[in-house]
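**Student:** Quick one: this structure, given as structure tokens, is what I'll be asking you about.
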Amino acid sequence: MEKEDQGLAIGIDLGTTYSCVAVWQEHLNRVEIIHNDQGDNTTPSCVAFNDHQRLIGIPAKNQAATNPQNTVFDAKRLIGRKYSDDIVQKDRMLWPFKVVAGDNDKPMIVVNYKGEEKQLCAEEISSMILGKMRDIAEAFLEKPVKNAVVTVPAYFNDSQRKATIDAGAIAGLNVVRIISEPTAAAIAYGLDKRSSCVEERNIFVFDLGGGTFDVSLLTIKDKNYHVKATAGNSHLGGEDIDNNMVKYFVEEIKRKNRVDISDNPRALRRLRTACEAAKRTLSFATTTNVEVEALFGDNNFCSSMSRARFEEINLELFEECMKTVERCLTDAKIEKSSVHDVVLVGGSSRIPKVQQLLKDFFNRKDLCKSINPDEAVAYGAAVQAALLSEGIKNVPDLVIWDVTPLSLGISATLDKVMSVVIPRNTTIPVKRIEVYVTLEDNQSSAEICVYEGERKRASDNNLLGFFILAGLSRAPRGHPLDVTFAIDENGILSVSAEEKTTGKKNMITITNNKDRLSTGEIERMIQEAEVYKDEDKKFLRKAKTKSDLDECIYKMSNFLKNEYISATLCSEEKKAFRSAINTATDLLDEENVEHEIVVFEDCLAGLQSMLERVMDMGQIA
Ligand code: AMP
């Protein structure tokens, strides 16, 4: 595989609810999952804003219940989608933060930051999470990191993949490759089982995460990882399970307490947190309590849920998973009895009912749980990143053959039928040519619409864009044009056209793909990201200065209580010391005034020089 970029690359699993970062450690000959500053291997994909600062990861999640409108999660569900998309509309109703329609129907997240309303797109929120994961890696590696392999669900379409690359660019990261999450997990699994992969093995990866569900069938033979088929559902995951539980308890509260909390974002957020915890408990216990103090008014909420009830309210969702499993096997043209290993990935794959349905489906085959479902995707991404990094020699040589998740085609005929150029599950990179013919005599230009999707009528599919090929030579109808579709290793499409008879070639990029951020917009967002970073740094510097000032006041006050020092100081000096302590204390107590950092720093410097004098006296004493 070609080395694409200089320098070290990391692997990032940009998850809907949690993200994970990993790196290939050349001197250890293995992948290292990098823990964050709290020692956790996964970091919540959550960003929050308040009057003073922006928070990312654990601190953002921790304050979610008290600041629900400005705590953004699930940005991945919005990425590359339009505001009017049914999925966005459904999600919007359940989120405590506001989403509005921006230019070109782009969903914009509305938050209040430092007393001002701000509108951010999903790429910006994702860029903040990617930036955080990069910071985690840099702190661990003690060197700057510029390149990353980022994973996406296998079914992510062209716009969603491009939007993920854009999110990386805003974070100042060069996304050297986009790979599918189940493929990354299969790499982790394959390496784990390297010794037993001499023969060709069919591996089924079942990845049920927080917000997405993805399955893939891969064949591993020697160093080749060949994806045969992939299927998924962008709206199926742990959060949908949490939603079902929330809905269940909202109804229970309505029935028992005659109170409707469905329009109370704070109560819903707190109930959701309790439901998520209960769900995790139900993966090992058969019943659990669900309790939230003062959920509505002064009323404590106290209820319980059995595993049987949990399975009942989520059964439809679990069955939906199994339909997707079946579709993937049909597409791969592989019998379930020919599947050698079923690999579980994603936090929600721990749910016993999900495991039982899957095991039953595969004729009671034991499921592979040897790889950590939370870390496998980042692990595989780190291996791919090492393969693309300069100077890494020891990484196991492997070649990944991924597939395109959706059929791509054009609509150029009068009946507006989708003419598929690249069918779904075609191995990428790929280049295919479709002959387009003019519909009228002497047609001077041709408008060609590019679609993705599986429906027969083109307009039922997703319009990626259109282009106009102008200046055609005069010819009777049926004049041929070659339209070339090329998909690169990242799953990203480009289209070109050639007038066959004259050999006139036109490189065409899809002109009206307004979903994607323009270069100008990305540049503006990069600058804004720098401003956020700067403001975060300033906030931390101020917080540190305030804490040092507080410490200094405490030490000064204690020293002044020392009898020897008190006796040594003249009354003028004592007065000056007390006055300095009082001024500093007042400054810290002034909650309503936003002083510049320098005010605190000057005050601290003055106090510290006094403290040094007093400490010298203390030593003499
Ligand atoms: P992921 O996106 O793979 O990080 O998965 C996160 C999802 O897994 C969240 O919805 C979690 O609530 C869910 N999850 C994590 N652990 C468990 C567990 N033990 N049982 C059920 N769901 C879990």
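Ligands are numbered from 1 in the order shown, residues from 1 within each chain, and chains are lettered A, B, ... in the order they appear in the structure tokens.
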Show me which residues line ligand 1, defined as having an atom within 6 Å of a ligand atom where only C-alpha atoms and all ligand atoms count, and present them as a list in words.
**Tutor:**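 Those within range of ligand 1 are Gly15, Thr16, Thr17, Tyr18, Gly209, Gly210, Gly238, Glu239, Glu276, Lys279, Arg280, Ser283, Gly346, Gly347, Ser348, Arg350, Ile351 and Asp374 of chain A.
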**Student:** Where in region 46-245 of chain A does DSSP assign alpha helix (DSSP H), given as a VMD selection string?
**Tutor:** chain A and resid 58 to 62 75 to 78 86 to 94 122 to 141 158 to 170 181 to 192 238 to 245
**Student:** Given only C-alpha atoms as the basis, pick out the residue of A:Gln119, A:Asn425, A:Ser303, A:Asn462 nearest to Ile410 (chain A).
**Tutor:** A:Asn462
**Student:** With distances taken over only C-alpha atoms, which residue among A:Lys221, A:Arg255, A:Arg269, A:Arg578 lies nearest Tyr554 (chain A)?
**Tutor:**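 Comparing A:Lys221, A:Arg255, A:Arg269, A:Arg578 against Tyr554 (chain A), the winner is A:Arg578.
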**Student:** One number please: CA of Ser494 (chain A) to CA of Val175 (chain A), in Å, one decimal.
**Tutor:**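 Here the two named atoms are 18.1 Å from each other.
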**Student:** Taking only C-alpha atoms into account, which of A:Val599, A:Val437, A:Ile422, A:Ala381 comes nearest Ala188 (chain A)?
**Tutor:**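 Checking each candidate against Ala188 (chain A), we get A:Ala381 as the closest.
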**Student:** Which is closest to Ser180 (chain A) among A:Gly391, A:Pro476, A:Gly80, A:Gly491, if we use only C-alpha atoms?
**Tutor:**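 Smallest distance to Ser180 (chain A) is found for A:Gly491.
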**Student:** Could you state the separation of CA of Tyr436 (chain A) and CA of Val483 (chain A) in Å, given to one decimal place?
**Tutor:**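 Value for the CA of Tyr436 (chain A)-CA of Val483 (chain A) distance: 6.7 Å.
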**Student:** Set the distance at 12 Å and use only C-alpha atoms: which residues neighbour Lys416 (chain A) once local chain neighbours fewer than 4 positions away are removed? I'd like the list as a PyMOL selection string.
**Tutor:** chain A and resi 409-412+448-451+455-461
**Student:** Quick one: residues within 12 Å of Glu594 (chain A), only C-alpha atoms counted, chain neighbours fewer than 3 positions away excluded, as a compact mmCIF listing (two decimals) with N, CA and C atoms, in the first residue's frame?
**Tutor:**
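The result, stored in out26.txt:
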```
# COMPACT_ATOMS: atom_id res chain seq x y z
N ASP A 51 -21.67 30.43 29.57
CA ASP A 51 -21.34 31.85 29.55
C ASP A 51 -19.84 32.10 29.58
N HIS A 52 -19.08 31.12 30.01
CA HIS A 52 -17.65 31.33 30.19
C HIS A 52 -16.77 30.54 29.24
N LYS A 114 -21.09 32.40 25.68
CA LYS A 114 -20.67 33.69 26.23
C LYS A 114 -21.75 34.75 26.00
N PHE A 539 -9.44 30.71 29.05
CA PHE A 539 -10.30 30.36 30.18
C PHE A 539 -9.53 29.52 31.19
N LYS A 542 -7.05 31.61 33.07
CA LYS A 542 -7.72 32.43 34.08
C LYS A 542 -8.09 31.57 35.28
N LEU A 587 -11.73 40.48 44.90
CA LEU A 587 -11.63 40.25 43.45
C LEU A 587 -12.18 38.85 43.10
N LEU A 588 -11.82 37.87 43.91
CA LEU A 588 -12.30 36.50 43.65
C LEU A 588 -13.80 36.38 43.88
N ASP A 589 -14.30 37.18 44.85
CA ASP A 589 -15.73 37.08 45.18
C ASP A 589 -16.64 37.79 44.19
N GLU A 590 -16.04 38.67 43.37
CA GLU A 590 -16.87 39.46 42.45
C GLU A 590 -17.36 38.58 41.31
N GLU A 591 -18.50 37.96 41.51
CA GLU A 591 -18.97 37.00 40.50
C GLU A 591 -19.59 37.68 39.28
N ILE A 597 -7.85 38.63 32.41
CA ILE A 597 -6.90 37.76 33.11
C ILE A 597 -5.81 38.59 33.80
N VAL A 598 -5.39 39.64 33.08
CA VAL A 598 -4.27 40.43 33.58
C VAL A 598 -4.56 41.02 34.98
N VAL A 599 -5.84 41.32 35.26
CA VAL A 599 -6.21 41.87 36.57
C VAL A 599 -5.86 40.85 37.66
N PHE A 600 -6.21 39.58 37.39
CA PHE A 600 -5.91 38.52 38.37
C PHE A 600 -4.41 38.26 38.44
```
**Student:** With distances taken over only C-alpha atoms, which of A:Val593, A:Leu218, A:Ala332, A:Met418 is nearest to Tyr189 (chain A)?
**Tutor:**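 Answer, going by the shortest atom-to-atom distance: A:Leu218.
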**Student:** Near Phe284 (chain A), counting only C-alpha atoms, which residues have an atom at most 12 Å away, once you skip same-chain residues fewer than 2 positions from it, shown as a list in words?
**Tutor:**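 Within the cut-off, the hits are Ala277, Ala278, Lys279, Arg280, Thr281, Leu282, Thr286, Thr287, Thr288, Ser306, Arg307, Arg350, Ile351, Pro352 and Lys353 of chain A.
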**Student:** Please dump the current selection as a compact mmCIF listing (two decimals), in the first residue's frame; keep N, CA, C and O atoms.
**Tutor:**
```
# COMPACT_ATOMS: atom_id res chain seq x y z
N ALA A 277 -28.30 4.20 32.22
CA ALA A 277 -27.63 3.44 33.28
C ALA A 277 -28.39 2.13 33.54
O ALA A 277 -27.79 1.05 33.68
N ALA A 278 -29.75 2.23 33.56
CA ALA A 278 -30.57 1.05 33.81
C ALA A 278 -30.37 0.02 32.70
O ALA A 278 -30.26 -1.19 32.95
N LYS A 279 -30.29 0.53 31.46
CA LYS A 279 -30.09 -0.37 30.30
C LYS A 279 -28.78 -1.16 30.46
O LYS A 279 -28.76 -2.37 30.23
N ARG A 280 -27.72 -0.46 30.87
CA ARG A 280 -26.43 -1.14 31.05
C ARG A 280 -26.55 -2.20 32.14
O ARG A 280 -26.02 -3.30 32.01
N THR A 281 -27.27 -1.85 33.24
CA THR A 281 -27.44 -2.81 34.33
C THR A 281 -28.17 -4.05 33.83
O THR A 281 -27.82 -5.19 34.19
N LEU A 282 -29.19 -3.82 32.96
CA LEU A 282 -29.99 -4.96 32.48
C LEU A 282 -29.19 -5.91 31.57
O LEU A 282 -29.68 -6.97 31.20
N THR A 286 -31.34 -9.06 35.95
CA THR A 286 -32.64 -9.32 35.33
C THR A 286 -33.67 -8.25 35.69
O THR A 286 -34.74 -8.20 35.10
N THR A 287 -33.33 -7.42 36.65
CA THR A 287 -34.23 -6.30 36.97
C THR A 287 -33.40 -5.15 37.55
O THR A 287 -32.31 -5.37 38.09
N THR A 288 -33.90 -3.93 37.40
CA THR A 288 -33.16 -2.79 37.95
C THR A 288 -34.11 -1.67 38.34
O THR A 288 -35.21 -1.55 37.79
N SER A 306 -37.87 -4.65 34.38
CA SER A 306 -37.31 -6.00 34.30
C SER A 306 -36.68 -6.18 32.93
O SER A 306 -37.01 -5.45 31.98
N ARG A 307 -35.81 -7.17 32.82
CA ARG A 307 -35.18 -7.41 31.52
C ARG A 307 -36.26 -7.80 30.50
O ARG A 307 -36.20 -7.40 29.33
N ARG A 350 -23.63 -5.60 23.65
CA ARG A 350 -23.57 -6.33 24.93
C ARG A 350 -24.95 -6.76 25.42
O ARG A 350 -25.07 -7.53 26.37
N ILE A 351 -26.01 -6.24 24.79
CA ILE A 351 -27.37 -6.55 25.25
C ILE A 351 -27.67 -8.04 25.04
O ILE A 351 -27.56 -8.56 23.91
N PRO A 352 -28.04 -8.77 26.11
CA PRO A 352 -28.22 -10.23 25.98
C PRO A 352 -29.23 -10.63 24.92
O PRO A 352 -29.00 -11.60 24.19
N LYS A 353 -30.34 -9.89 24.77
CA LYS A 353 -31.36 -10.28 23.78
C LYS A 353 -30.79 -10.18 22.36
O LYS A 353 -31.07 -11.02 21.51
```
**Student:** Per DSSP on the backbone, filter region 140-302 of chain A down to the residues in strand (DSSP E or B) and report them as a ChimeraX atom specification.
**Tutor:** /A:147-152,174-180,201-208,213-221,224-233,287-296,299-302
**Student:** Find the residues around Tyr83 (chain A) up to 9 Å (only C-alpha atoms counted), leave out those fewer than 2 positions away in its own chain, and share them as a list of chain:residue names.
**Tutor:**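 In the requested form, the answer reads A:Leu78, A:Arg81, A:Asp85, A:Asp86, A:Ile87, A:Val88, A:Gln89, A:Val99, A:Val100, A:Ala101, A:Gly102, A:Asn104, A:Asp105, A:Lys106, A:Pro107, A:Met108.
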**Student:** May I have the selected residues written with N, CA, C and O atoms, as a PDB file, in the first residue's frame?
**Tutor:**
```
ATOM      1  N   LEU A  78     -26.368  14.116  12.286  1.00  0.00           N
ATOM      2  CA  LEU A  78     -26.713  15.231  11.394  1.00  0.00           C
ATOM      3  C   LEU A  78     -25.755  15.350  10.222  1.00  0.00           C
ATOM      4  O   LEU A  78     -26.085  15.968   9.216  1.00  0.00           O
ATOM      5  N   ARG A  81     -26.376  15.538   6.219  1.00  0.00           N
ATOM      6  CA  ARG A  81     -27.821  15.437   5.965  1.00  0.00           C
ATOM      7  C   ARG A  81     -28.441  16.812   5.772  1.00  0.00           C
ATOM      8  O   ARG A  81     -27.886  17.812   6.213  1.00  0.00           O
ATOM      9  N   ASP A  85     -34.608  16.367   5.993  1.00  0.00           N
ATOM     10  CA  ASP A  85     -34.509  14.904   6.052  1.00  0.00           C
ATOM     11  C   ASP A  85     -35.390  14.386   7.209  1.00  0.00           C
ATOM     12  O   ASP A  85     -35.371  14.942   8.302  1.00  0.00           O
ATOM     13  N   ASP A  86     -36.166  13.349   6.931  1.00  0.00           N
ATOM     14  CA  ASP A  86     -37.080  12.787   7.951  1.00  0.00           C
ATOM     15  C   ASP A  86     -36.334  12.438   9.239  1.00  0.00           C
ATOM     16  O   ASP A  86     -36.838  12.648  10.340  1.00  0.00           O
ATOM     17  N   ILE A  87     -35.131  11.880   9.074  1.00  0.00           N
ATOM     18  CA  ILE A  87     -34.349  11.446  10.238  1.00  0.00           C
ATOM     19  C   ILE A  87     -34.003  12.650  11.112  1.00  0.00           C
ATOM     20  O   ILE A  87     -34.127  12.607  12.339  1.00  0.00           O
ATOM     21  N   VAL A  88     -33.623  13.748  10.467  1.00  0.00           N
ATOM     22  CA  VAL A  88     -33.263  14.961  11.223  1.00  0.00           C
ATOM     23  C   VAL A  88     -34.507  15.493  11.944  1.00  0.00           C
ATOM     24  O   VAL A  88     -34.443  15.874  13.122  1.00  0.00           O
ATOM     25  N   GLN A  89     -35.631  15.473  11.247  1.00  0.00           N
ATOM     26  CA  GLN A  89     -36.865  15.984  11.859  1.00  0.00           C
ATOM     27  C   GLN A  89     -37.265  15.157  13.083  1.00  0.00           C
ATOM     28  O   GLN A  89     -37.695  15.697  14.090  1.00  0.00           O
ATOM     29  N   VAL A  99     -32.218  22.821  16.722  1.00  0.00           N
ATOM     30  CA  VAL A  99     -31.644  22.688  15.378  1.00  0.00           C
ATOM     31  C   VAL A  99     -32.557  23.443  14.423  1.00  0.00           C
ATOM     32  O   VAL A  99     -33.777  23.265  14.445  1.00  0.00           O
ATOM     33  N   VAL A 100     -31.990  24.335  13.610  1.00  0.00           N
ATOM     34  CA  VAL A 100     -32.795  25.097  12.651  1.00  0.00           C
ATOM     35  C   VAL A 100     -32.249  24.879  11.240  1.00  0.00           C
ATOM     36  O   VAL A 100     -31.150  24.347  11.072  1.00  0.00           O
ATOM     37  N   ALA A 101     -33.033  25.334  10.240  1.00  0.00           N
ATOM     38  CA  ALA A 101     -32.582  25.181   8.856  1.00  0.00           C
ATOM     39  C   ALA A 101     -31.670  26.345   8.498  1.00  0.00           C
ATOM     40  O   ALA A 101     -32.028  27.505   8.683  1.00  0.00           O
ATOM     41  N   GLY A 102     -30.487  26.041   7.995  1.00  0.00           N
ATOM     42  CA  GLY A 102     -29.571  27.087   7.542  1.00  0.00           C
ATOM     43  C   GLY A 102     -29.641  27.224   6.031  1.00  0.00           C
ATOM     44  O   GLY A 102     -30.596  26.755   5.401  1.00  0.00           O
ATOM     45  N   ASN A 104     -29.242  26.536   2.175  1.00  0.00           N
ATOM     46  CA  ASN A 104     -29.308  25.277   1.414  1.00  0.00           C
ATOM     47  C   ASN A 104     -29.824  24.116   2.243  1.00  0.00           C
ATOM     48  O   ASN A 104     -29.382  22.981   2.073  1.00  0.00           O
ATOM     49  N   ASP A 105     -30.714  24.428   3.171  1.00  0.00           N
ATOM     50  CA  ASP A 105     -31.359  23.383   3.961  1.00  0.00           C
ATOM     51  C   ASP A 105     -30.370  22.634   4.866  1.00  0.00           C
ATOM     52  O   ASP A 105     -30.590  21.495   5.256  1.00  0.00           O
ATOM     53  N   LYS A 106     -29.256  23.273   5.203  1.00  0.00           N
ATOM     54  CA  LYS A 106     -28.256  22.630   6.061  1.00  0.00           C
ATOM     55  C   LYS A 106     -28.704  22.751   7.512  1.00  0.00           C
ATOM     56  O   LYS A 106     -29.051  23.844   7.961  1.00  0.00           O
ATOM     57  N   PRO A 107     -28.719  21.644   8.266  1.00  0.00           N
ATOM     58  CA  PRO A 107     -29.144  21.766   9.670  1.00  0.00           C
ATOM     59  C   PRO A 107     -28.100  22.515  10.498  1.00  0.00           C
ATOM     60  O   PRO A 107     -26.903  22.227  10.392  1.00  0.00           O
ATOM     61  N   MET A 108     -28.551  23.479  11.279  1.00  0.00           N
ATOM     62  CA  MET A 108     -27.640  24.271  12.099  1.00  0.00           C
ATOM     63  C   MET A 108     -28.034  24.121  13.568  1.00  0.00           C
ATOM     64  O   MET A 108     -29.206  24.235  13.923  1.00  0.00           O
TER      65      MET A 108
END
```
**Student:** Which residues, written as a PyMOL selection string, have at least one atom at most 12 Å from Leu493 (chain A), with only C-alpha atoms counted and residues fewer than 3 positions away on the same chain left out?
**Tutor:** chain A and resi 157-162+404+406-409+421-422+428-432+450-452+464-465+484-490+496+508-510+513
**Student:** A:Gly471, A:Gly453, A:Gly39, A:Pro480: which is nearest Glu434 (chain A), counting only C-alpha atoms?
**Tutor:** A:Pro480
**Student:** Measure the distance from CA of Gln53 (chain A) to CA of Asp536 (chain A) in Å and round it to one decimal.
**Tutor:**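 Answer for the CA of Gln53 (chain A) to CA of Asp536 (chain A) separation: 6.3 Å.
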